[in-house]
Amino acid sequence: MSYEVVLTDTAKAHYDGLEAGTRARIRKGLQEHLAHEPTKLSRSRIKRLQEMEHPEYRLRLDPFRVFYDVVGRTVVVLAIVPKQGANEWLDENGERQA
């Protein structure tokens with residue numbers, strides 16, 4: 001069973017700001033990793049974020065990080081950021097568990 005992958009306005013803006021070739025790689029990665037098993041953890045690709053309530057997961061698509069939540073059968077992509085900006089984005093936009 002597949003999941004619907006939805007980009008927030010922020011994620012769409014990040015995606016639209018990328019070069020065409022990079023957008024194609026990101027689109028392929030989202031389809032390959034998030035449309036079928038978005039919660040299947042792996043050592044190199046998908047990680048559940050510790051101590052974070054929101055976003056729940058991070059997908060590594062070098063040199064980018066995709067932050068997302070899973071709500072039912074929908075994957076909500078919150079941001080697509082370069083690796084070097086990932087921690088800054090989390091500090092500004094993430095919600096830590098209480």
# chains A, B, ... in the order shown; residues from 1 in each chain; ligands from 1
$ closest_atom_pairs --of "segment 26-59 of chain A" --to "segment 63-82 of chain A" --cutoff "6 Å" --atoms "only C-alpha atoms" --output "tab-separated table"
residue	atom	partner	partner_atom	distance
A:Pro55	CA	A:Asp69	CA	5.4
A:Glu56	CA	A:Asp69	CA	5.2
A:Tyr57	CA	A:Tyr68	CA	5.4
A:Arg58	CA	A:Phe67	CA	4.6
A:Leu59	CA	A:Val66	CA	4.9
$ select_by_dssp --residues "segment 6-90 of chain A" --states "alpha helix (DSSP H)" --output "list in words"
Asp9, Thr10, Ala11, Lys12, Ala13, His14, Tyr15, Asp16, Ala20, Gly21, Thr22, Arg23, Ala24, Arg25, Ile26, Arg27, Lys28, Gly29, Leu30, Gln31, Glu32, His33, Leu34, Ala86, Asn87, Glu88, Trp89 and Leu90 of chain A
$ select_by_dssp --residues "chain A" --states "strand (DSSP E or B)" --output "JSON, numbers by chain"
{"A": [4, 5, 6, 7, 46, 47, 48, 52, 53, 54, 57, 58, 59, 60, 61, 64, 65, 66, 67, 68, 69, 70, 71, 74, 75, 76, 77, 78, 79, 80, 81, 82, 95, 96]}
$ residues_around --residues "Asp91 of chain A" --least-positions-apart "5" --cutoff "12 Å" --atoms "only C-alpha atoms" --output "CSV table (one decimal) with N, CA and C atoms, in the first residue's frame"
chain,number,residue,atom,x,y,z
A,52,MET,N,12.4,14.7,19.2
A,52,MET,CA,11.6,15.6,18.4
A,52,MET,C,10.2,15.1,18.3
A,54,HIS,N,8.1,17.0,16.3
A,54,HIS,CA,7.8,17.5,15.0
A,54,HIS,C,9.0,18.2,14.4
A,55,PRO,N,9.6,17.8,13.4
A,55,PRO,CA,9.3,16.7,12.5
A,55,PRO,C,9.7,15.3,13.2
A,85,GLY,N,22.5,23.3,6.5
A,85,GLY,CA,21.5,24.1,7.1
A,85,GLY,C,20.5,23.3,7.9
A,86,ALA,N,20.7,22.0,8.0
A,86,ALA,CA,19.7,21.1,8.6
A,86,ALA,C,19.5,21.4,10.1
A,96,ARG,N,10.5,20.2,20.1
A,96,ARG,CA,11.1,19.1,20.9
A,96,ARG,C,10.0,18.6,21.8
$ residues_around --residues "Leu18 of chain A" --least-positions-apart "4" --cutoff "12 Å" --atoms "only C-alpha atoms" --output "MDAnalysis selection string"
chainID A and resid 11:14 22:27 64 80:82
$ write_last_selection --atoms "C-alpha atoms" --output "PDB file, in the first residue's frame"
ATOM      1  CA  ALA A  11       8.853  22.527   1.214  1.00  0.00           C
ATOM      2  CA  LYS A  12       7.440  23.574  -2.186  1.00  0.00           C
ATOM      3  CA  ALA A  13       9.406  26.827  -2.001  1.00  0.00           C
ATOM      4  CA  HIS A  14      12.587  24.903  -1.135  1.00  0.00           C
ATOM      5  CA  THR A  22      18.461  18.390  -8.352  1.00  0.00           C
ATOM      6  CA  ARG A  23      14.653  18.576  -8.353  1.00  0.00           C
ATOM      7  CA  ALA A  24      14.551  15.381 -10.406  1.00  0.00           C
ATOM      8  CA  ARG A  25      16.821  13.584  -7.902  1.00  0.00           C
ATOM      9  CA  ILE A  26      14.745  14.836  -4.966  1.00  0.00           C
ATOM     10  CA  ARG A  27      11.477  13.823  -6.669  1.00  0.00           C
ATOM     11  CA  PHE A  64      19.971  17.475   1.147  1.00  0.00           C
ATOM     12  CA  ILE A  80      14.065  20.201   1.937  1.00  0.00           C
ATOM     13  CA  VAL A  81      17.281  21.801   3.146  1.00  0.00           C
ATOM     14  CA  PRO A  82      20.988  21.459   2.390  1.00  0.00           C
TER      15      PRO A  82
END
$ residues_around --residues "His36 of chain A" --least-positions-apart "2" --cutoff "6 Å" --atoms "only C-alpha atoms" --output "MDAnalysis selection string"
chainID A and resid 2:3 34
$ write_last_selection --atoms "C-alpha atoms" --output "PDB file, in the first residue's frame"
ATOM      1  CA  SER A   2       1.416   3.368  -0.918  1.00  0.00           C
ATOM      2  CA  TYR A   3       1.445   6.670   0.916  1.00  0.00           C
ATOM      3  CA  LEU A  34       8.578   7.894   1.168  1.00  0.00           C
TER       4      LEU A  34
END
$ closest_residue --among "A:Leu30, A:Ala98, A:Leu49, A:Leu90" --to "Glu4 of chain A" --atoms "only C-alpha atoms"
A:Leu30
$ closest_residue --among "A:Trp89, A:Glu95, A:Lys83, A:Met1" --to "Ala35 of chain A" --atoms "only C-alpha atoms"
A:Met1
